[in-house]
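**Q** Below is upload-v2.tsv; it holds TSV, N, CA and C atoms.
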chain	number	residue	atom	x	y	z
I	1448	MET	N	-9.35	-2.67	21.43
I	1448	MET	CA	-8.28	-2.43	20.47
I	1448	MET	C	-8.71	-1.33	19.51
I	1449	THR	N	-7.84	-0.41	19.21
I	1449	THR	CA	-8.15	0.68	18.31
I	1449	THR	C	-8.01	0.23	16.86
I	1450	ALA	N	-8.92	0.73	16.03
I	1450	ALA	CA	-8.86	0.38	14.61
I	1450	ALA	C	-7.67	1.08	13.96
I	1451	LYS	N	-6.98	0.38	13.10
I	1451	LYS	CA	-5.87	1.00	12.37
I	1451	LYS	C	-6.44	1.74	11.18
I	1452	LEU	N	-5.91	2.91	10.92
I	1452	LEU	CA	-6.40	3.73	9.82
I	1452	LEU	C	-5.40	3.74	8.68
I	1453	ASP	N	-5.92	3.89	7.51
I	1453	ASP	CA	-5.11	4.01	6.31
I	1453	ASP	C	-5.78	5.05	5.43
I	1454	TYR	N	-5.26	5.29	4.28
I	1454	TYR	CA	-5.87	6.26	3.39
I	1454	TYR	C	-5.69	5.84	1.94
I	1455	SER	N	-6.56	6.35	1.12
I	1455	SER	CA	-6.48	6.12	-0.31
I	1455	SER	C	-6.06	7.43	-0.96
I	1456	TRP	N	-5.05	7.38	-1.82
I	1456	TRP	CA	-4.52	8.57	-2.50
I	1456	TRP	C	-5.12	8.59	-3.90
I	1457	ASN	N	-5.95	9.58	-4.18
I	1457	ASN	CA	-6.74	9.63	-5.41
I	1457	ASN	C	-6.28	10.68	-6.41
I	1458	LEU	N	-5.03	11.11	-6.36
I	1458	LEU	CA	-4.56	12.17	-7.25
I	1458	LEU	C	-4.70	11.77	-8.72
I	1459	ARG	N	-4.32	10.56	-9.06
I	1459	ARG	CA	-4.41	10.12	-10.46
I	1459	ARG	C	-5.85	10.16	-10.97
I	1460	LYS	N	-6.80	9.71	-10.15
I	1460	LYS	CA	-8.21	9.70	-10.53
I	1460	LYS	C	-8.74	11.13	-10.69
I	1461	VAL	N	-8.40	12.01	-9.75
I	1461	VAL	CA	-8.87	13.41	-9.83
I	1461	VAL	C	-8.28	14.08	-11.06
I	1462	MET	N	-7.01	13.81	-11.36
I	1462	MET	CA	-6.40	14.36	-12.57
I	1462	MET	C	-7.14	13.87	-13.81
I	1463	ALA	N	-7.44	12.60	-13.87
I	1463	ALA	CA	-8.15	12.03	-15.03
I	1463	ALA	C	-9.54	12.65	-15.17
I	1464	ASP	N	-10.21	12.87	-14.04
I	1464	ASP	CA	-11.53	13.50	-14.09
I	1464	ASP	C	-11.46	14.92	-14.65
I	1465	ARG	N	-10.30	15.56	-14.51
I	1465	ARG	CA	-10.11	16.93	-15.01
I	1465	ARG	C	-9.46	16.97	-16.39
I	1466	GLY	N	-9.27	15.79	-16.99
I	1466	GLY	CA	-8.69	15.72	-18.33
I	1466	GLY	C	-7.17	15.77	-18.37
I	1467	MET	N	-6.51	15.56	-17.23
I	1467	MET	CA	-5.04	15.54	-17.17
I	1467	MET	C	-4.61	14.09	-17.08
I	1468	PHE	N	-3.97	13.60	-18.12
I	1468	PHE	CA	-3.60	12.18	-18.16
I	1468	PHE	C	-2.09	11.97	-18.12
I	1469	SER	N	-1.32	13.03	-18.03
I	1469	SER	CA	0.13	12.90	-18.03
I	1469	SER	C	0.71	13.68	-16.85
I	1470	THR	N	1.72	13.11	-16.22
I	1470	THR	CA	2.35	13.81	-15.10
I	1470	THR	C	3.11	15.05	-15.57
I	1471	THR	N	3.49	15.08	-16.84
I	1471	THR	CA	4.20	16.26	-17.35
I	1471	THR	C	3.27	17.47	-17.46
I	1472	ASP	N	1.96	17.23	-17.50
I	1472	ASP	CA	1.00	18.35	-17.50
I	1472	ASP	C	0.96	19.05	-16.15
I	1473	LEU	N	1.25	18.31	-15.10
I	1473	LEU	CA	1.13	18.83	-13.74
I	1473	LEU	C	2.33	19.67	-13.32
I	1474	ARG	N	3.50	19.33	-13.79
I	1474	ARG	CA	4.73	19.98	-13.33
I	1474	ARG	C	4.74	21.49	-13.57
I	1475	PRO	N	4.43	22.02	-14.78
I	1475	PRO	CA	4.46	23.47	-14.96
I	1475	PRO	C	3.40	24.20	-14.12
I	1476	LEU	N	2.29	23.54	-13.86
I	1476	LEU	CA	1.25	24.15	-13.04
I	1476	LEU	C	1.70	24.27	-11.58
I	1477	LEU	N	2.48	23.31	-11.13
I	1477	LEU	CA	3.05	23.39	-9.79
I	1477	LEU	C	4.09	24.51	-9.72
I	1478	VAL	N	4.91	24.64	-10.77
I	1478	VAL	CA	5.95	25.69	-10.80
I	1478	VAL	C	5.30	27.07	-10.74
I	1479	GLU	N	4.17	27.26	-11.43
I	1479	GLU	CA	3.45	28.54	-11.38
I	1479	GLU	C	3.06	28.91	-9.95
I	1480	ARG	N	2.88	27.92	-9.10
I	1480	ARG	CA	2.47	28.14	-7.72
I	1480	ARG	C	3.65	28.05	-6.75
I	1481	GLY	N	4.86	28.07	-7.27
I	1481	GLY	CA	6.05	28.10	-6.44
I	1481	GLY	C	6.52	26.74	-5.94
I	1482	ILE	N	5.98	25.68	-6.49
I	1482	ILE	CA	6.38	24.33	-6.09
I	1482	ILE	C	7.26	23.75	-7.19
I	1483	VAL	N	8.55	23.60	-6.89
I	1483	VAL	CA	9.49	23.09	-7.89
I	1483	VAL	C	9.86	21.66	-7.51
I	1484	LEU	N	9.38	20.72	-8.32
I	1484	LEU	CA	9.68	19.30	-8.13
I	1484	LEU	C	10.28	18.75	-9.42
I	1485	SER	N	11.12	17.76	-9.28
I	1485	SER	CA	11.69	17.12	-10.47
I	1485	SER	C	10.60	16.29	-11.15
I	1486	ALA	N	10.86	15.89	-12.37
I	1486	ALA	CA	9.89	15.08	-13.12
I	1486	ALA	C	9.62	13.76	-12.39
I	1487	SER	N	10.68	13.17	-11.83
I	1487	SER	CA	10.49	11.90	-11.12
I	1487	SER	C	9.70	12.09	-9.82
I	1488	GLN	N	9.89	13.22	-9.15
I	1488	GLN	CA	9.12	13.48	-7.93
I	1488	GLN	C	7.64	13.66	-8.25
I	1489	VAL	N	7.33	14.36	-9.33
I	1489	VAL	CA	5.93	14.54	-9.73
I	1489	VAL	C	5.34	13.20	-10.13
I	1490	TYR	N	6.10	12.39	-10.84
I	1490	TYR	CA	5.63	11.06	-11.24
I	1490	TYR	C	5.29	10.21	-10.01
I	1491	ARG	N	6.21	10.19	-9.03
I	1491	ARG	CA	5.97	9.41	-7.80
I	1491	ARG	C	4.78	9.96	-7.02
I	1492	LEU	N	4.60	11.28	-7.04
I	1492	LEU	CA	3.48	11.90	-6.35
I	1492	LEU	C	2.15	11.44	-6.94
I	1493	VAL	N	2.12	11.29	-8.26
I	1493	VAL	CA	0.89	10.88	-8.93
I	1493	VAL	C	0.67	9.37	-8.83
I	1494	VAL	N	1.72	8.60	-9.03
I	1494	VAL	CA	1.59	7.15	-9.15
I	1494	VAL	C	1.56	6.44	-7.79
I	1495	ASP	N	2.38	6.88	-6.86
I	1495	ASP	CA	2.50	6.20	-5.56
I	1495	ASP	C	1.70	6.93	-4.49
I	1496	LYS	N	1.40	6.20	-3.43
I	1496	LYS	CA	0.73	6.79	-2.27
I	1496	LYS	C	1.81	7.41	-1.39
I	1497	PRO	N	1.80	8.75	-1.23
I	1497	PRO	CA	2.87	9.37	-0.44
I	1497	PRO	C	2.73	9.07	1.05
I	1498	GLU	N	3.85	8.83	1.69
I	1498	GLU	CA	3.86	8.64	3.14
I	1498	GLU	C	3.92	9.99	3.86
I	1499	ARG	N	4.58	10.95	3.24
I	1499	ARG	CA	4.65	12.32	3.76
I	1499	ARG	C	4.34	13.26	2.62
I	1500	LEU	N	3.66	14.36	2.94
I	1500	LEU	CA	3.28	15.31	1.90
I	1500	LEU	C	3.35	16.71	2.47
I	1501	ASN	N	4.08	17.57	1.82
I	1501	ASN	CA	4.18	18.96	2.21
I	1501	ASN	C	2.81	19.61	2.02
I	1502	LEU	N	2.36	20.37	3.01
I	1502	LEU	CA	1.05	21.00	2.93
I	1502	LEU	C	0.95	22.01	1.80
I	1503	LYS	N	2.06	22.66	1.47
I	1503	LYS	CA	2.04	23.61	0.35
I	1503	LYS	C	1.79	22.88	-0.97
I	1504	VAL	N	2.35	21.68	-1.09
I	1504	VAL	CA	2.12	20.87	-2.29
I	1504	VAL	C	0.65	20.45	-2.34
I	1505	LEU	N	0.11	20.04	-1.20
I	1505	LEU	CA	-1.30	19.65	-1.15
I	1505	LEU	C	-2.22	20.80	-1.52
I	1506	VAL	N	-1.94	21.99	-0.99
I	1506	VAL	CA	-2.76	23.16	-1.30
I	1506	VAL	C	-2.63	23.53	-2.78
I	1507	ALA	N	-1.43	23.41	-3.33
I	1507	ALA	CA	-1.23	23.69	-4.75
I	1507	ALA	C	-2.01	22.70	-5.62
I	1508	LEU	N	-2.00	21.43	-5.24
I	1508	LEU	CA	-2.76	20.42	-5.99
I	1508	LEU	C	-4.26	20.71	-5.93
I	1509	MET	N	-4.74	21.12	-4.75
I	1509	MET	CA	-6.16	21.44	-4.61
I	1509	MET	C	-6.52	22.65	-5.47
I	1510	ASP	N	-5.61	23.63	-5.57
I	1510	ASP	CA	-5.86	24.81	-6.40
I	1510	ASP	C	-5.83	24.45	-7.89
I	1511	ILE	N	-4.84	23.68	-8.30
I	1511	ILE	CA	-4.71	23.29	-9.71
I	1511	ILE	C	-5.92	22.48	-10.16
I	1512	LEU	N	-6.33	21.53	-9.34
I	1512	LEU	CA	-7.39	20.61	-9.72
I	1512	LEU	C	-8.78	21.07	-9.28
I	1513	ASP	N	-8.84	22.23	-8.62
I	1513	ASP	CA	-10.11	22.79	-8.14
I	1513	ASP	C	-10.90	21.72	-7.38
I	1514	CYS	N	-10.27	21.19	-6.34
I	1514	CYS	CA	-10.90	20.12	-5.56
I	1514	CYS	C	-10.66	20.35	-4.08
I	1515	GLN	N	-11.26	19.53	-3.28
I	1515	GLN	CA	-11.09	19.57	-1.83
I	1515	GLN	C	-10.08	18.51	-1.41
I	1516	MET	N	-9.60	18.64	-0.18
I	1516	MET	CA	-8.63	17.67	0.33
I	1516	MET	C	-9.25	16.28	0.38
I	1517	THR	N	-10.53	16.18	0.68
I	1517	THR	CA	-11.18	14.88	0.76
I	1517	THR	C	-11.30	14.20	-0.60
I	1518	ASP	N	-11.17	14.97	-1.69
I	1518	ASP	CA	-11.14	14.37	-3.02
I	1518	ASP	C	-9.81	13.66	-3.26
I	1519	LEU	N	-8.73	14.21	-2.70
I	1519	LEU	CA	-7.40	13.64	-2.90
I	1519	LEU	C	-7.05	12.56	-1.88
I	1520	VAL	N	-7.44	12.79	-0.63
I	1520	VAL	CA	-7.10	11.86	0.45
I	1520	VAL	C	-8.39	11.35	1.05
I	1521	GLU	N	-8.58	10.04	0.94
I	1521	GLU	CA	-9.79	9.42	1.48
I	1521	GLU	C	-9.40	8.47	2.61
I	1522	PRO	N	-9.80	8.79	3.85
I	1522	PRO	CA	-9.45	7.88	4.96
I	1522	PRO	C	-10.23	6.58	4.86
I	1523	ILE	N	-9.55	5.49	5.12
I	1523	ILE	CA	-10.19	4.17	5.10
I	1523	ILE	C	-9.68	3.36	6.27
I	1524	ALA	N	-10.46	2.41	6.73
I	1524	ALA	CA	-10.02	1.52	7.80
I	1524	ALA	C	-9.12	0.45	7.21
I	1525	ALA	N	-7.98	0.24	7.83
I	1525	ALA	CA	-7.03	-0.78	7.35
I	1525	ALA	C	-7.56	-2.16	7.70
I	1526	ARG	N	-7.30	-3.10	6.85
I	1526	ARG	CA	-7.70	-4.48	7.11
I	1526	ARG	C	-6.86	-5.06	8.23
I	1527	ALA	N	-7.51	-5.80	9.08
I	1527	ALA	CA	-6.78	-6.47	10.16
I	1527	ALA	C	-5.99	-7.62	9.57
I	1528	ALA	N	-4.83	-7.85	10.11
I	1528	ALA	CA	-3.99	-8.95	9.63
I	1528	ALA	C	-4.65	-10.27	10.00
I	1529	LYS	N	-4.66	-11.19	9.05
I	1529	LYS	CA	-5.22	-12.51	9.31
I	1529	LYS	C	-4.27	-13.31	10.18
I	1530	PRO	N	-4.81	-14.08	11.13
I	1530	PRO	CA	-3.92	-14.91	11.95
I	1530	PRO	C	-3.27	-15.98	11.08
I	1531	ARG	N	-2.03	-16.27	11.36
I	1531	ARG	CA	-1.30	-17.25	10.57
I	1531	ARG	C	-1.74	-18.65	10.94
I	1532	LYS	N	-1.82	-19.51	9.94
I	1532	LYS	CA	-2.16	-20.90	10.17
I	1532	LYS	C	-0.91	-21.66	10.56
I	1533	ALA	N	-1.12	-22.74	11.31
I	1533	ALA	CA	0.00	-23.60	11.68
I	1533	ALA	C	0.47	-24.34	10.43
I	1534	ALA	N	1.71	-24.76	10.45
I	1534	ALA	CA	2.27	-25.48	9.31
I	1534	ALA	C	1.50	-26.76	9.07
I	1535	SER	N	1.39	-27.15	7.81
I	1535	SER	CA	0.63	-28.37	7.49
I	1535	SER	C	1.31	-29.58	8.11
I	1536	GLY	N	0.48	-30.54	8.49
I	1536	GLY	CA	1.02	-31.74	9.12
I	1536	GLY	C	1.05	-31.64	10.63
I	1537	SER	N	0.77	-30.49	11.17
I	1537	SER	CA	0.75	-30.36	12.63
I	1537	SER	C	-0.66	-30.05	13.06
I	1538	GLY	N	-1.55	-30.99	12.83
I	1538	GLY	CA	-2.96	-30.81	13.14
I	1538	GLY	C	-3.20	-30.63	14.62
I	1539	GLY	N	-4.46	-30.73	15.02
I	1539	GLY	CA	-4.83	-30.49	16.40
I	1539	GLY	C	-4.31	-31.54	17.36
I	1540	ASP	N	-3.97	-32.74	16.90
I	1540	ASP	CA	-3.53	-33.80	17.80
I	1540	ASP	C	-2.01	-33.88	17.81
I	1541	THR	N	-1.37	-32.79	18.19
I	1541	THR	CA	0.08	-32.77	18.17
I	1541	THR	C	0.65	-33.52	19.35
I	1542	VAL	N	1.80	-34.07	19.13
I	1542	VAL	CA	2.54	-34.79	20.15
I	1542	VAL	C	3.77	-33.96	20.43
I	1543	ALA	N	4.36	-34.12	21.58
I	1543	ALA	CA	5.56	-33.37	21.92
I	1543	ALA	C	6.57	-33.50	20.79
I	1544	GLY	N	7.13	-32.42	20.39
I	1544	GLY	CA	8.08	-32.44	19.29
I	1544	GLY	C	7.46	-31.85	18.03
I	1545	GLY	N	6.15	-31.65	18.04
I	1545	GLY	CA	5.49	-30.99	16.93
I	1545	GLY	C	5.30	-31.85	15.70
I	1546	LEU	N	5.39	-33.17	15.81
I	1546	LEU	CA	5.25	-34.02	14.63
I	1546	LEU	C	3.80	-34.42	14.37
I	1547	GLY	N	2.93	-34.24	15.34
I	1547	GLY	CA	1.56	-34.66	15.16
I	1547	GLY	C	1.48	-36.17	15.11
I	1548	THR	N	0.71	-36.69	14.18
I	1548	THR	CA	0.55	-38.14	14.08
I	1548	THR	C	1.63	-38.77	13.20
I	1549	LEU	N	2.48	-37.97	12.62
I	1549	LEU	CA	3.53	-38.49	11.74
I	1549	LEU	C	4.73	-38.92	12.58
I	1550	ARG	N	5.19	-40.13	12.34
I	1550	ARG	CA	6.37	-40.65	13.01
I	1550	ARG	C	7.28	-41.27	11.98
I	1551	PRO	N	8.58	-41.08	12.13
I	1551	PRO	CA	9.50	-41.69	11.17
I	1551	PRO	C	9.54	-43.22	11.35
I	1552	LYS	N	9.79	-43.94	10.25
I	1552	LYS	CA	9.93	-45.40	10.31
I	1552	LYS	C	11.41	-45.73	10.24
I	1553	ARG	N	11.76	-46.80	10.94
I	1553	ARG	CA	13.15	-47.25	10.89
I	1553	ARG	C	13.45	-47.85	9.54
I	1554	ALA	N	14.63	-47.60	9.06
I	1554	ALA	CA	15.04	-48.15	7.79
I	1554	ALA	C	15.48	-49.60	8.01
I	1555	ARG	N	15.11	-50.47	7.10
I	1555	ARG	CA	15.54	-51.87	7.18
I	1555	ARG	C	16.67	-52.08	6.20
I	1556	ILE	N	17.70	-52.66	6.67
I	1556	ILE	CA	18.82	-52.97	5.80
I	1556	ILE	C	18.74	-54.47	5.51
I	1557	VAL	N	18.51	-54.79	4.27
I	1557	VAL	CA	18.38	-56.18	3.87
I	1557	VAL	C	19.67	-56.61	3.22
I	1558	PRO	N	20.35	-57.65	3.79
I	1558	PRO	CA	21.60	-58.11	3.17
I	1558	PRO	C	21.30	-58.76	1.83
I	1559	GLU	N	22.21	-58.62	0.91
I	1559	GLU	CA	22.03	-59.20	-0.44
I	1559	GLU	C	22.42	-60.62	-0.50
Is it possible to give me this structure as structure tokens?

**A**
Amino acid sequence: MTAKLDYSWNLRKVMADRGMFSTTDLRPLLVERGIVLSASQVYRLVVDKPERLNLKVLVALMDILDCQMTDLVEPIAARAAKPRKAASGSGGDTVAGGLGTLRPKRARIVPE
């Protein structure tokens, strides 16, 4: 089975290392390099892990922050999903019907 890959997006950390703590600081620097994004797009770029990223935006970020691509994007191995446990009450000694050792009792109707 092939290992699933994931990545860590470190833009916020790299910005903080360079003394940039606000997404509004980044927007005019992107515009200088021909990248026009709305304030909300820049915010999402910094705060969220992007699923898709334009290479021109990536190159502009590397130029602005004077960093390498590996500083911004760090490949990591994704955690394997844990197998799900069976529902409680259905231990190893299951009986047909999935009730395990639990069986319903008949109700007694006692006349008054």

**Q** State, in Å with one decimal place, the distance from atom CA of I:Pro1475 to atom N of I:Ser1455.

**A**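 Separation of atom CA of I:Pro1475 and atom N of I:Ser1455: 25.9 Å.
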
**Q** Measuring atom to atom with all atoms listed in the file, identify which of I:Arg1550, I:Arg1474, I:Arg1465, I:Arg1499 is nearest to I:Leu1512.

**A** I:Arg1465

**Q** Choose the residue, out of I:Val1493, I:Met1516, I:Val1506, I:Leu1500, that has the smallest atom-to-atom separation from I:Met1467; count only C-alpha atoms.

**A**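 Using only C-alpha atoms, the shortest distance to I:Met1467 belongs to I:Val1493.
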
**Q** What's the separation between atom CA of I:Ala1524 and atom CA of I:Tyr1454, in Å to one decimal place?

**A** 7.7 Å

**Q** What lies within 7 Å of I:Leu1458 using only N, CA and C atoms, ignoring chain neighbours under 4 positions off, as a ChimeraX atom specification?

**A** /I:1462-1463,1492-1493,1518-1520

**Q** Just give me the gap between atom CA of I:Val1489 and atom CA of I:Leu1505 in Å, one decimal is fine.

**A**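 About the pair atom CA of I:Val1489 and atom CA of I:Leu1505: they are 12.3 Å apart.
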
**Q** Please extract the residues of stretch 1476-1530 of chain I with a backbone DSSP assignment of alpha helix (DSSP H) and present them as a PyMOL selection string.

**A** chain I and resi 1476-1479+1486-1494+1502-1512+1516-1519

**Q** Could you write out the selected residues, including N, CA and C atoms, as an mmCIF file, in the coordinates of the input?

**A**
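Generated output (result.cif):
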data_model
loop_
_atom_site.group_PDB
_atom_site.id
_atom_site.type_symbol
_atom_site.label_atom_id
_atom_site.label_comp_id
_atom_site.auth_asym_id
_atom_site.auth_seq_id
_atom_site.Cartn_x
_atom_site.Cartn_y
_atom_site.Cartn_z
ATOM 1 N N LEU I 1476 2.290 23.540 -13.860
ATOM 2 C CA LEU I 1476 1.250 24.150 -13.040
ATOM 3 C C LEU I 1476 1.700 24.270 -11.580
ATOM 4 N N LEU I 1477 2.480 23.310 -11.130
ATOM 5 C CA LEU I 1477 3.050 23.390 -9.790
ATOM 6 C C LEU I 1477 4.090 24.510 -9.720
ATOM 7 N N VAL I 1478 4.910 24.640 -10.770
ATOM 8 C CA VAL I 1478 5.950 25.690 -10.800
ATOM 9 C C VAL I 1478 5.300 27.070 -10.740
ATOM 10 N N GLU I 1479 4.170 27.260 -11.430
ATOM 11 C CA GLU I 1479 3.450 28.540 -11.380
ATOM 12 C C GLU I 1479 3.060 28.910 -9.950
ATOM 13 N N ALA I 1486 10.860 15.890 -12.370
ATOM 14 C CA ALA I 1486 9.890 15.080 -13.120
ATOM 15 C C ALA I 1486 9.620 13.760 -12.390
ATOM 16 N N SER I 1487 10.680 13.170 -11.830
ATOM 17 C CA SER I 1487 10.490 11.900 -11.120
ATOM 18 C C SER I 1487 9.700 12.090 -9.820
ATOM 19 N N GLN I 1488 9.890 13.220 -9.150
ATOM 20 C CA GLN I 1488 9.120 13.480 -7.930
ATOM 21 C C GLN I 1488 7.640 13.660 -8.250
ATOM 22 N N VAL I 1489 7.330 14.360 -9.330
ATOM 23 C CA VAL I 1489 5.930 14.540 -9.730
ATOM 24 C C VAL I 1489 5.340 13.200 -10.130
ATOM 25 N N TYR I 1490 6.100 12.390 -10.840
ATOM 26 C CA TYR I 1490 5.630 11.060 -11.240
ATOM 27 C C TYR I 1490 5.290 10.210 -10.010
ATOM 28 N N ARG I 1491 6.210 10.190 -9.030
ATOM 29 C CA ARG I 1491 5.970 9.410 -7.800
ATOM 30 C C ARG I 1491 4.780 9.960 -7.020
ATOM 31 N N LEU I 1492 4.600 11.280 -7.040
ATOM 32 C CA LEU I 1492 3.480 11.900 -6.350
ATOM 33 C C LEU I 1492 2.150 11.440 -6.940
ATOM 34 N N VAL I 1493 2.120 11.290 -8.260
ATOM 35 C CA VAL I 1493 0.890 10.880 -8.930
ATOM 36 C C VAL I 1493 0.670 9.370 -8.830
ATOM 37 N N VAL I 1494 1.720 8.600 -9.030
ATOM 38 C CA VAL I 1494 1.590 7.150 -9.150
ATOM 39 C C VAL I 1494 1.560 6.440 -7.790
ATOM 40 N N LEU I 1502 2.360 20.370 3.010
ATOM 41 C CA LEU I 1502 1.050 21.000 2.930
ATOM 42 C C LEU I 1502 0.950 22.010 1.800
ATOM 43 N N LYS I 1503 2.060 22.660 1.470
ATOM 44 C CA LYS I 1503 2.040 23.610 0.350
ATOM 45 C C LYS I 1503 1.790 22.880 -0.970
ATOM 46 N N VAL I 1504 2.350 21.680 -1.090
ATOM 47 C CA VAL I 1504 2.120 20.870 -2.290
ATOM 48 C C VAL I 1504 0.650 20.450 -2.340
ATOM 49 N N LEU I 1505 0.110 20.040 -1.200
ATOM 50 C CA LEU I 1505 -1.300 19.650 -1.150
ATOM 51 C C LEU I 1505 -2.220 20.800 -1.520
ATOM 52 N N VAL I 1506 -1.940 21.990 -0.990
ATOM 53 C CA VAL I 1506 -2.760 23.160 -1.300
ATOM 54 C C VAL I 1506 -2.630 23.530 -2.780
ATOM 55 N N ALA I 1507 -1.430 23.410 -3.330
ATOM 56 C CA ALA I 1507 -1.230 23.690 -4.750
ATOM 57 C C ALA I 1507 -2.010 22.700 -5.620
ATOM 58 N N LEU I 1508 -2.000 21.430 -5.240
ATOM 59 C CA LEU I 1508 -2.760 20.420 -5.990
ATOM 60 C C LEU I 1508 -4.260 20.710 -5.930
ATOM 61 N N MET I 1509 -4.740 21.120 -4.750
ATOM 62 C CA MET I 1509 -6.160 21.440 -4.610
ATOM 63 C C MET I 1509 -6.520 22.650 -5.470
ATOM 64 N N ASP I 1510 -5.610 23.630 -5.570
ATOM 65 C CA ASP I 1510 -5.860 24.810 -6.400
ATOM 66 C C ASP I 1510 -5.830 24.450 -7.890
ATOM 67 N N ILE I 1511 -4.840 23.680 -8.300
ATOM 68 C CA ILE I 1511 -4.710 23.290 -9.710
ATOM 69 C C ILE I 1511 -5.920 22.480 -10.160
ATOM 70 N N LEU I 1512 -6.330 21.530 -9.340
ATOM 71 C CA LEU I 1512 -7.390 20.610 -9.720
ATOM 72 C C LEU I 1512 -8.780 21.070 -9.280
ATOM 73 N N MET I 1516 -9.600 18.640 -0.180
ATOM 74 C CA MET I 1516 -8.630 17.670 0.330
ATOM 75 C C MET I 1516 -9.250 16.280 0.380
ATOM 76 N N THR I 1517 -10.530 16.180 0.680
ATOM 77 C CA THR I 1517 -11.180 14.880 0.760
ATOM 78 C C THR I 1517 -11.300 14.200 -0.600
ATOM 79 N N ASP I 1518 -11.170 14.970 -1.690
ATOM 80 C CA ASP I 1518 -11.140 14.370 -3.020
ATOM 81 C C ASP I 1518 -9.810 13.660 -3.260
ATOM 82 N N LEU I 1519 -8.730 14.210 -2.700
ATOM 83 C CA LEU I 1519 -7.400 13.640 -2.900
ATOM 84 C C LEU I 1519 -7.050 12.560 -1.880
#

**Q** Would you please work out which residue, of I:Lys1503, I:Lys1496, I:Lys1552, I:Arg1491, is nearest to I:Thr1470 when using only C-alpha atoms?

**A**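 Ranking I:Lys1503, I:Lys1496, I:Lys1552, I:Arg1491 by distance to I:Thr1470, first place goes to I:Arg1491.
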